[in-house]
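Raw contents of final.cif, mmCIF, C-alpha atoms:
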data_protein
#
loop_
_atom_site.label_atom_id
_atom_site.label_comp_id
_atom_site.auth_asym_id
_atom_site.auth_seq_id
_atom_site.Cartn_x
_atom_site.Cartn_y
_atom_site.Cartn_z
CA MET N 156 116.32 87.56 103.90
CA LYS N 157 118.73 84.61 103.61
CA TYR N 158 117.12 82.01 101.31
CA CYS N 159 115.25 82.23 98.02
CA PRO N 160 111.47 82.08 98.60
CA ASN N 161 111.18 80.50 95.16
CA CYS N 162 113.81 77.69 95.32
CA ALA N 163 115.32 77.74 98.88
CA SER N 164 118.89 78.40 97.66
CA PRO N 165 121.05 80.89 99.59
CA LEU N 166 120.67 84.50 98.41
CA ALA N 167 123.42 86.99 97.52
CA ARG N 168 123.22 90.76 98.01
CA ARG N 169 124.41 92.74 94.98
CA VAL N 170 123.38 95.22 92.29
CA PRO N 171 121.71 93.40 89.35
CA PRO N 172 122.76 94.37 85.78
CA GLY N 173 120.95 97.55 84.71
CA ASP N 174 119.92 98.38 88.28
CA SER N 175 121.47 100.94 90.65
CA LEU N 176 120.71 99.44 94.09
CA PRO N 177 121.70 96.17 95.79
CA ARG N 178 118.94 93.53 95.81
CA TRP N 179 118.58 89.96 97.06
CA LEU N 180 119.54 87.75 94.10
CA CYS N 181 119.22 84.00 93.64
CA ASP N 182 122.03 82.60 91.49
CA ALA N 183 120.27 79.22 91.34
CA CYS N 184 116.89 80.25 89.85
CA GLY N 185 117.74 83.81 88.73
CA SER N 186 114.98 85.54 90.68
CA ILE N 187 115.40 89.02 92.20
CA HIS N 188 113.67 89.81 95.50
CA TYR N 189 112.81 93.46 95.97
CA GLU N 190 112.00 95.11 99.30
CA ASN N 191 109.84 98.24 99.29
CA PRO N 192 108.27 100.63 101.79
CA ARG N 193 104.89 99.75 103.26
CA LEU N 194 101.81 101.93 103.55
CA VAL N 195 100.24 102.46 106.98
CA VAL N 196 96.71 103.80 106.47
CA GLY N 197 94.27 105.23 109.00
CA THR N 198 91.63 107.83 109.81
CA VAL N 199 91.03 110.96 111.90
CA PRO N 200 87.45 110.25 113.05
CA GLU N 201 85.53 113.33 114.24
CA TRP N 202 82.35 113.79 116.29
CA GLU N 203 81.19 117.37 116.91
CA GLY N 204 84.71 118.79 117.04
CA ARG N 205 86.15 115.95 119.13
CA LEU N 206 88.54 113.34 117.73
CA LEU N 207 88.53 109.60 118.38
CA LEU N 208 91.76 108.05 119.67
CA CYS N 209 92.68 104.47 120.59
CA ARG N 210 94.94 103.45 123.48
CA ARG N 211 97.27 100.70 122.25
CA ALA N 212 97.04 97.20 123.74
CA ILE N 213 100.14 96.04 121.80
CA GLU N 214 103.79 96.93 121.38
CA PRO N 215 105.32 99.13 120.15
CA ARG N 216 104.05 101.96 122.37
CA TYR N 217 101.74 99.87 124.56
CA GLY N 218 99.42 102.17 126.55
CA TYR N 219 99.98 105.21 124.31
CA TRP N 220 97.24 106.89 122.29
CA THR N 221 96.99 106.66 118.51
CA LEU N 222 94.63 107.18 115.60
CA PRO N 223 93.14 103.96 114.16
CA ALA N 224 95.64 102.82 111.48
CA GLY N 225 97.53 99.80 110.22
CA PHE N 226 99.30 98.18 107.30
CA MET N 227 97.43 98.29 104.02
CA GLU N 228 96.74 94.76 102.71
CA ASN N 229 96.88 93.30 99.22
CA ASP N 230 93.56 93.29 97.30
CA GLU N 231 92.24 96.45 98.94
CA THR N 232 92.26 100.18 98.14
CA ALA N 233 93.80 102.75 100.50
CA GLY N 234 90.26 103.85 101.45
CA ASP N 235 89.26 100.21 102.16
CA ALA N 236 92.29 99.92 104.46
CA ALA N 237 91.42 103.13 106.33
CA LEU N 238 87.85 101.95 106.89
CA ARG N 239 88.88 98.41 107.89
CA GLU N 240 91.46 99.58 110.44
CA THR N 241 88.93 101.97 112.00
CA VAL N 242 86.48 99.09 112.46
CA GLU N 243 89.14 96.63 113.70
CA GLU N 244 90.81 98.94 116.24
CA ALA N 245 87.95 101.18 117.38
CA GLY N 246 84.76 99.32 116.36
CA ALA N 247 83.73 102.68 114.94
CA HIS N 248 81.19 103.41 112.19
CA ILE N 249 82.51 106.18 109.96
CA GLU N 250 81.93 108.00 106.73
CA LEU N 251 85.27 108.42 104.98
CA ALA N 252 86.31 111.94 103.89
CA PRO N 253 89.29 112.94 101.66
CA PRO N 254 92.93 112.04 102.46
CA PHE N 255 94.38 114.51 104.95
CA SER N 256 98.06 113.69 105.60
CA LEU N 257 100.82 111.74 103.86
CA ILE N 258 103.99 111.34 105.91
CA SER N 259 107.10 109.44 104.78
CA VAL N 260 109.12 107.76 107.53
CA PRO N 261 112.19 106.42 105.68
CA ARG N 262 113.87 105.23 108.90
CA VAL N 263 111.31 102.42 109.12
CA ASN N 264 110.48 102.22 105.38
CA GLN N 265 106.90 103.36 105.84
CA VAL N 266 104.53 105.93 104.38
CA HIS N 267 101.63 106.91 106.66
CA LEU N 268 98.38 108.08 105.07
CA PHE N 269 95.46 109.42 107.13
CA TYR N 270 91.94 110.18 105.85
CA ARG N 271 89.55 112.55 107.55
CA ALA N 272 86.37 110.78 108.70
CA ARG N 273 83.04 111.53 110.34
CA LEU N 274 81.68 109.25 113.08
CA ILE N 275 78.15 108.15 112.19
CA ASP N 276 77.24 107.18 115.79
CA LEU N 277 78.87 106.72 119.21
CA GLU N 278 78.75 102.91 119.18
CA PHE N 279 82.56 102.48 119.15
CA LYS N 280 84.36 99.88 121.31
CA PRO N 281 87.98 98.72 121.61
CA GLY N 282 89.17 95.93 119.27
CA ALA N 283 91.73 93.23 120.19
CA GLU N 284 94.71 95.59 119.79
CA THR N 285 93.12 98.47 121.73
CA LEU N 286 92.73 99.03 125.50
CA GLU N 287 90.35 101.95 125.30
CA VAL N 288 88.66 104.23 122.74
CA ALA N 289 87.73 107.82 123.62
CA LEU N 290 86.81 111.20 122.11
CA PHE N 291 88.97 114.22 122.91
CA GLU N 292 88.54 117.96 122.59
CA GLU N 293 91.73 119.78 121.55
CA ALA N 294 92.40 120.99 125.13
CA GLN N 295 91.99 117.49 126.64
CA LEU N 296 94.16 115.69 124.13
CA PRO N 297 96.91 113.55 125.75
CA TRP N 298 99.69 115.23 123.73
CA LYS N 299 102.48 113.70 125.85
CA GLU N 300 101.11 110.18 125.43
CA ILE N 301 100.77 110.04 121.64
CA ALA N 302 102.22 106.79 120.28
CA PHE N 303 103.78 107.98 116.99
CA ARG N 304 105.09 111.24 115.54
CA THR N 305 102.99 110.82 112.38
CA VAL N 306 99.88 110.74 114.57
CA GLY N 307 100.96 113.84 116.53
CA GLN N 308 101.69 115.78 113.32
CA THR N 309 98.36 114.73 111.81
CA LEU N 310 96.46 115.82 114.95
CA ARG N 311 98.25 119.19 115.01
CA HIS N 312 97.42 119.76 111.32
CA TRP N 313 93.78 118.82 111.97
CA PHE N 314 93.28 121.33 114.79
CA GLY N 315 95.31 123.96 112.88
CA ASP N 316 93.15 123.57 109.76
CA ARG N 317 89.96 123.62 111.82
CA GLY N 318 91.12 126.87 113.43
CA ARG N 319 91.62 128.38 109.97
CA GLY N 320 88.24 127.03 108.83
CA ALA N 321 89.64 125.01 105.89
CA PHE N 322 90.98 121.46 105.73
CA GLY N 323 93.88 120.92 103.31
CA PHE N 324 96.16 118.04 102.41
CA HIS N 325 99.46 117.83 104.29
CA SER N 326 102.51 116.10 102.86
CA GLU N 327 105.76 115.86 104.79
CA ASP N 328 108.62 113.67 105.98
CA ILE N 329 109.92 112.53 109.34
CA LYS N 330 113.66 111.99 108.96
CA MET Y 882 106.45 82.31 97.82
CA LYS Y 883 107.30 78.63 98.53
CA TYR Y 884 110.22 78.55 100.98
CA CYS Y 885 111.02 80.50 104.16
CA PRO Y 886 113.47 83.37 103.40
CA ASN Y 887 114.72 82.99 106.98
CA CYS Y 888 115.36 79.19 107.23
CA ALA Y 889 114.58 77.67 103.76
CA SER Y 890 111.81 75.35 105.07
CA PRO Y 891 108.62 74.95 103.00
CA LEU Y 892 105.93 77.54 103.81
CA ALA Y 893 102.25 76.95 104.58
CA ARG Y 894 99.40 79.33 103.71
CA ARG Y 895 96.96 79.88 106.58
CA VAL Y 896 95.49 82.44 108.96
CA PRO Y 897 97.81 82.97 111.97
CA PRO Y 898 96.23 83.07 115.47
CA GLY Y 899 94.76 86.52 116.14
CA ASP Y 900 94.91 87.49 112.46
CA SER Y 901 92.07 87.57 109.93
CA LEU Y 902 93.86 86.93 106.63
CA PRO Y 903 95.93 84.01 105.29
CA ARG Y 904 99.71 84.59 105.40
CA TRP Y 905 102.83 82.62 104.49
CA LEU Y 906 103.85 80.82 107.70
CA CYS Y 907 106.98 78.86 108.53
CA ASP Y 908 106.28 76.01 110.95
CA ALA Y 909 110.03 75.39 111.34
CA CYS Y 910 111.19 78.82 112.56
CA GLY Y 911 107.80 80.40 113.36
CA SER Y 912 108.20 83.44 111.10
CA ILE Y 913 105.26 85.04 109.28
CA HIS Y 914 105.86 86.57 105.83
CA TYR Y 915 103.50 89.41 104.96
CA GLU Y 916 102.86 90.72 101.46
CA ASN Y 917 101.68 94.32 101.07
CA PRO Y 918 100.86 96.77 98.26
CA ARG Y 919 103.69 98.77 96.72
CA LEU Y 920 103.83 102.50 96.06
CA VAL Y 921 104.54 103.72 92.53
CA VAL Y 922 105.60 107.37 92.74
CA GLY Y 923 106.09 109.92 89.97
CA THR Y 924 105.67 113.50 88.80
CA VAL Y 925 103.66 115.67 86.38
CA PRO Y 926 106.46 117.97 85.13
CA GLU Y 927 105.25 121.22 83.55
CA TRP Y 928 106.92 123.81 81.33
CA GLU Y 929 104.84 126.83 80.31
CA GLY Y 930 101.57 124.88 80.21
CA ARG Y 931 103.05 121.85 78.48
CA LEU Y 932 103.59 118.50 80.24
CA LEU Y 933 106.58 116.20 79.95
CA LEU Y 934 105.89 112.59 78.98
CA CYS Y 935 108.22 109.59 78.46
CA ARG Y 936 107.78 106.91 75.78
CA ARG Y 937 108.50 103.53 77.39
CA ALA Y 938 111.50 101.46 76.24
CA ILE Y 939 110.42 98.49 78.41
CA GLU Y 940 107.47 96.19 78.92
CA PRO Y 941 104.73 96.42 80.00
CA ARG Y 942 103.38 98.93 77.47
CA TYR Y 943 106.56 99.28 75.37
CA GLY Y 944 106.24 102.31 73.06
CA TYR Y 945 103.37 103.90 75.02
CA TRP Y 946 103.61 107.29 76.74
CA THR Y 947 103.75 107.71 80.51
CA LEU Y 948 104.64 110.18 83.24
CA PRO Y 949 108.03 109.56 84.91
CA ALA Y 950 107.29 107.15 87.80
CA GLY Y 951 108.45 103.94 89.42
CA PHE Y 952 108.53 101.85 92.58
CA MET Y 953 109.42 103.71 95.76
CA GLU Y 954 112.58 102.25 97.35
CA ASN Y 955 113.48 101.61 100.98
CA ASP Y 956 115.42 104.42 102.73
CA GLU Y 957 113.79 107.21 100.72
CA THR Y 958 110.79 109.52 101.16
CA ALA Y 959 107.94 109.62 98.64
CA GLY Y 960 109.28 112.99 97.43
CA ASP Y 961 112.79 111.53 97.02
CA ALA Y 962 111.28 108.73 94.91
CA ALA Y 963 109.36 111.16 92.69
CA LEU Y 964 112.49 113.23 92.08
CA ARG Y 965 114.71 110.18 91.49
CA GLU Y 966 112.34 108.60 88.96
CA THR Y 967 112.07 111.89 87.06
CA VAL Y 968 115.86 112.05 86.77
CA GLU Y 969 116.24 108.34 85.90
CA GLU Y 970 113.53 108.18 83.24
CA ALA Y 971 113.56 111.66 81.74
CA GLY Y 972 116.92 113.17 82.79
CA ALA Y 973 114.82 116.17 83.82
CA HIS Y 974 115.63 118.88 86.35
CA ILE Y 975 112.55 119.71 88.36
CA GLU Y 976 111.31 121.58 91.37
CA LEU Y 977 108.85 119.36 93.22
CA ALA Y 978 105.37 120.76 94.02
CA PRO Y 979 102.66 119.22 96.29
CA PRO Y 980 101.20 115.74 95.75
CA PHE Y 981 98.48 115.82 93.11
CA SER Y 982 96.92 112.36 92.71
CA LEU Y 983 96.71 109.16 94.76
CA ILE Y 984 95.18 106.21 92.92
CA SER Y 985 94.74 102.71 94.36
CA VAL Y 986 94.97 99.83 91.90
CA PRO Y 987 94.08 96.77 94.01
CA ARG Y 988 94.14 94.40 91.00
CA VAL Y 989 97.94 94.72 90.95
CA ASN Y 990 98.42 95.62 94.65
CA GLN Y 991 99.72 99.10 93.89
CA VAL Y 992 99.05 102.67 94.97
CA HIS Y 993 100.15 105.34 92.47
CA LEU Y 994 101.14 108.77 93.80
CA PHE Y 995 101.95 111.69 91.48
CA TYR Y 996 103.44 115.06 92.51
CA ARG Y 997 103.11 118.22 90.49
CA ALA Y 998 106.51 119.56 89.36
CA ARG Y 999 108.00 122.49 87.48
CA LEU Y 1000 110.77 121.93 84.93
CA ILE Y 1001 113.75 124.13 85.75
CA ASP Y 1002 115.25 123.93 82.23
CA LEU Y 1003 114.79 122.04 78.95
CA GLU Y 1004 117.89 119.83 79.36
CA PHE Y 1005 115.91 116.58 79.60
CA LYS Y 1006 116.96 113.38 77.78
CA PRO Y 1007 115.69 109.76 77.78
CA GLY Y 1008 117.05 107.36 80.43
CA ALA Y 1009 117.68 103.62 79.90
CA GLU Y 1010 113.97 102.71 80.21
CA THR Y 1011 112.76 105.52 77.93
CA LEU Y 1012 112.72 105.80 74.11
CA GLU Y 1013 111.86 109.47 73.92
CA VAL Y 1014 110.97 112.44 76.15
CA ALA Y 1015 108.73 115.26 74.90
CA LEU Y 1016 106.55 118.17 76.01
CA PHE Y 1017 102.88 118.21 75.03
CA GLU Y 1018 100.17 120.83 74.95
CA GLU Y 1019 96.74 119.50 75.96
CA ALA Y 1020 95.55 119.37 72.33
CA GLN Y 1021 98.64 117.43 71.13
CA LEU Y 1022 98.62 114.86 73.90
CA PRO Y 1023 98.71 111.24 72.65
CA TRP Y 1024 95.59 110.25 74.62
CA LYS Y 1025 95.22 106.92 72.79
CA GLU Y 1026 98.81 105.91 73.47
CA ILE Y 1027 98.94 106.47 77.24
CA ALA Y 1028 100.56 103.49 79.00
CA PHE Y 1029 98.51 103.27 82.21
CA ARG Y 1030 95.05 104.34 83.41
CA THR Y 1031 96.51 106.06 86.49
CA VAL Y 1032 98.58 108.27 84.17
CA GLY Y 1033 95.57 109.08 81.96
CA GLN Y 1034 93.44 110.00 85.00
CA THR Y 1035 96.22 112.15 86.45
CA LEU Y 1036 96.67 114.00 83.14
CA ARG Y 1037 92.91 114.61 82.84
CA HIS Y 1038 92.79 115.97 86.41
CA TRP Y 1039 95.78 118.23 85.69
CA PHE Y 1040 94.22 119.86 82.60
CA GLY Y 1041 90.83 120.02 84.36
CA ASP Y 1042 92.29 121.80 87.39
CA ARG Y 1043 94.32 124.15 85.18
CA GLY Y 1044 91.12 125.04 83.32
CA ARG Y 1045 89.45 125.90 86.63
CA GLY Y 1046 92.52 127.88 87.74
CA ALA Y 1047 93.11 125.83 90.93
CA PHE Y 1048 95.08 122.64 91.49
CA GLY Y 1049 93.62 120.25 94.09
CA PHE Y 1050 94.48 116.79 95.37
CA HIS Y 1051 92.74 113.86 93.68
CA SER Y 1052 92.16 110.55 95.42
CA GLU Y 1053 90.48 107.64 93.67
CA ASP Y 1054 90.53 103.94 92.83
CA ILE Y 1055 90.78 101.88 89.68
CA LYS Y 1056 88.92 98.63 90.28
#
Since I need it in another form, could you write the structure as structure tokens?
Amino acid sequence: MKYCPNCASPLARRVPPGDSLPRWLCDACGSIHYENPRLVVGTVPEWEGRLLLCRRAIEPRYGYWTLPAGFMENDETAGDAALRETVEEAGAHIELAPPFSLISVPRVNQVHLFYRARLIDLEFKPGAETLEVALFEEAQLPWKEIAFRTVGQTLRHWFGDRGRGAFGFHSEDIK
Amino acid sequence: MKYCPNCASPLARRVPPGDSLPRWLCDACGSIHYENPRLVVGTVPEWEGRLLLCRRAIEPRYGYWTLPAGFMENDETAGDAALRETVEEAGAHIELAPPFSLISVPRVNQVHLFYRARLIDLEFKPGAETLEVALFEEAQLPWKEIAFRTVGQTLRHWFGDRGRGAFGFHSEDIK
């Protein structure tokens, strides 16, 4: 951030009066420009004990496997975002279940939120950002080719909870 | 958003190639400026069955009661944010418990996340944005002077769960 999105003047980085953190300030028009973490929202779609994964057709982590997920947009709910990303990336028809994992990743200023989901049919197909969509049993899962740590943690929690016969809600951090 | 924060040129609003939503685009430097929902994170601090509320010293909802909460910052986890806001607004010492409610508010592009928490002592005191901090039993709670619907819903869930003897995780939307 170098110029004011409101008036195009150069910005300064300092702590505004009454605040405790440095912000981008415009001395010309007086506006303050905050930067905040973004929510990445997705699903863990299940079909008869197998989970749906997508192989990424984009960087970062091209060719690695992930759960359908992406940045939450303005004007939608977290559940809307989870459903939309599952359609966009996997062409999958799902019934959304409760939130399952919430993982903060402060290094990249993100919070990842995954919902459990039930596939309604097997009519999935890769979207523009996906090379391949497939269902995996626990033993077949490509654990060494998982794109992101939040996805790996979420998958481990899912199979762990299934083993115990009760799905919970998992909140943690990756530092 | 009118000017490019990267090069100060005027921005245009249109759907970039391969995208499905309009964004702020800079035709001079080629950058795309996304806008995404923000997380508001807070706590439900408890002391022997009573809950801590803060009376707001700022707009919106000056003079109304709320749970300690505020915008999550970059470089912190959601738990860090919950703890920080509880210190800043209520001067309270807490032990953080699991997340309790997650409420999307698409009208204002926010997601509110509240953690349960246990007060460690009674040494709380109002911060700069708070007029007054107090503990309330369920029957004394100022239900008609609650600042935000997400706070009211979270408080109702808390007393409901306590009545049932089991605290869950509550996910919902305010549309």
Could you please tell me, as a list of chain:residue names, which residues of chain N have an atom within 7 Å of chain Y when using all atoms listed in the file?
-> N:Met156, N:Lys157, N:Tyr158, N:Cys159, N:Pro160, N:Asn161, N:Cys162, N:Ala163, N:Glu190, N:Asn191, N:Pro192, N:Arg193, N:Met227, N:Glu228, N:Asn229, N:Asp230, N:Glu231, N:Thr232, N:Ala233, N:Ser259, N:Val260, N:Pro261, N:Arg262, N:Asn264, N:Asp328
Hey, can you spit out that residue selection with C-alpha atoms as a CSV table (one decimal), keeping the file's coordinate frame?
chain,number,residue,atom,x,y,z
N,156,MET,CA,116.3,87.6,103.9
N,157,LYS,CA,118.7,84.6,103.6
N,158,TYR,CA,117.1,82.0,101.3
N,159,CYS,CA,115.2,82.2,98.0
N,160,PRO,CA,111.5,82.1,98.6
N,161,ASN,CA,111.2,80.5,95.2
N,162,CYS,CA,113.8,77.7,95.3
N,163,ALA,CA,115.3,77.7,98.9
N,190,GLU,CA,112.0,95.1,99.3
N,191,ASN,CA,109.8,98.2,99.3
N,192,PRO,CA,108.3,100.6,101.8
N,193,ARG,CA,104.9,99.8,103.3
N,227,MET,CA,97.4,98.3,104.0
N,228,GLU,CA,96.7,94.8,102.7
N,229,ASN,CA,96.9,93.3,99.2
N,230,ASP,CA,93.6,93.3,97.3
N,231,GLU,CA,92.2,96.4,98.9
N,232,THR,CA,92.3,100.2,98.1
N,233,ALA,CA,93.8,102.8,100.5
N,259,SER,CA,107.1,109.4,104.8
N,260,VAL,CA,109.1,107.8,107.5
N,261,PRO,CA,112.2,106.4,105.7
N,262,ARG,CA,113.9,105.2,108.9
N,264,ASN,CA,110.5,102.2,105.4
N,328,ASP,CA,108.6,113.7,106.0
Step by step, gather every atom of stretch 1044-1054 of chain Y that the file lists, find the box along x, y and z that holds them, add 5 Å on each side, and finally give centre and edge lengths in Å to one decimal, as JSON.
{"center_x": 92.3, "center_y": 115.9, "center_z": 89.4, "size_x": 15.6, "size_y": 33.9, "size_z": 22.1}
Evaluate the PyMOL selection byres ((chain Y and resi 930) around 9) and report residues as a PDB file with C-alpha atoms, in the coordinates of the input:
ATOM      1  CA  GLU Y 927     105.250 121.220  83.550  1.00  0.00           C
ATOM      2  CA  TRP Y 928     106.920 123.810  81.330  1.00  0.00           C
ATOM      3  CA  GLU Y 929     104.840 126.830  80.310  1.00  0.00           C
ATOM      4  CA  ARG Y 931     103.050 121.850  78.480  1.00  0.00           C
ATOM      5  CA  LEU Y 932     103.590 118.500  80.240  1.00  0.00           C
ATOM      6  CA  PHE Y1017     102.880 118.210  75.030  1.00  0.00           C
ATOM      7  CA  GLU Y1018     100.170 120.830  74.950  1.00  0.00           C
ATOM      8  CA  GLU Y1019      96.740 119.500  75.960  1.00  0.00           C
ATOM      9  CA  ARG Y1043      94.320 124.150  85.180  1.00  0.00           C
TER      10      ARG Y1043
END
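With atom CA of Y:Ser912 on one side and atom CA of N:Pro215 on the other, the separation reads 18.3 Å.
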Measure the distance from atom CA of Y:Asp908 to atom CA of N:Val196 in Å and round it to one decimal.
->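 Computed distance, atom CA of Y:Asp908 to atom CA of N:Val196, equals 29.7 Å.
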May I ask for the distance between atom CA of N:Tyr217 and atom CA of Y:Pro897, given in Å to one decimal place?
->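 Straight-line distance from atom CA of N:Tyr217 to atom CA of Y:Pro897 works out to 21.4 Å.
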Could you name the residues that touch Y:Val925 at 7 Å or less, counting only C-alpha atoms, but leaving out those on the same chain fewer than 3 positions away, as a list in words?
->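 Those residues are Leu932, Leu948, Phe995, Tyr996, Arg997 and Ala998 of chain Y.
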Result set of the PyMOL selection byres ((chain N and resi 223) around 8) on the coordinates above, as a PyMOL selection string = chain N and resi 197-199+208-209+221-222+224-225+240-241+244-245
Could you spell out the hits of the PyMOL selection byres ((chain Y and resi 895) around 9) on the shown file, as a PyMOL selection string?
-> chain Y and resi 893-894+896-897+902-906
List the neighbours of N:Glu300 out to 9 Å using only C-alpha atoms; skip same-chain residues closer than 6 positions along the sequence, and give me the result as an MDAnalysis selection string.
-> chainID N and resid 218:221
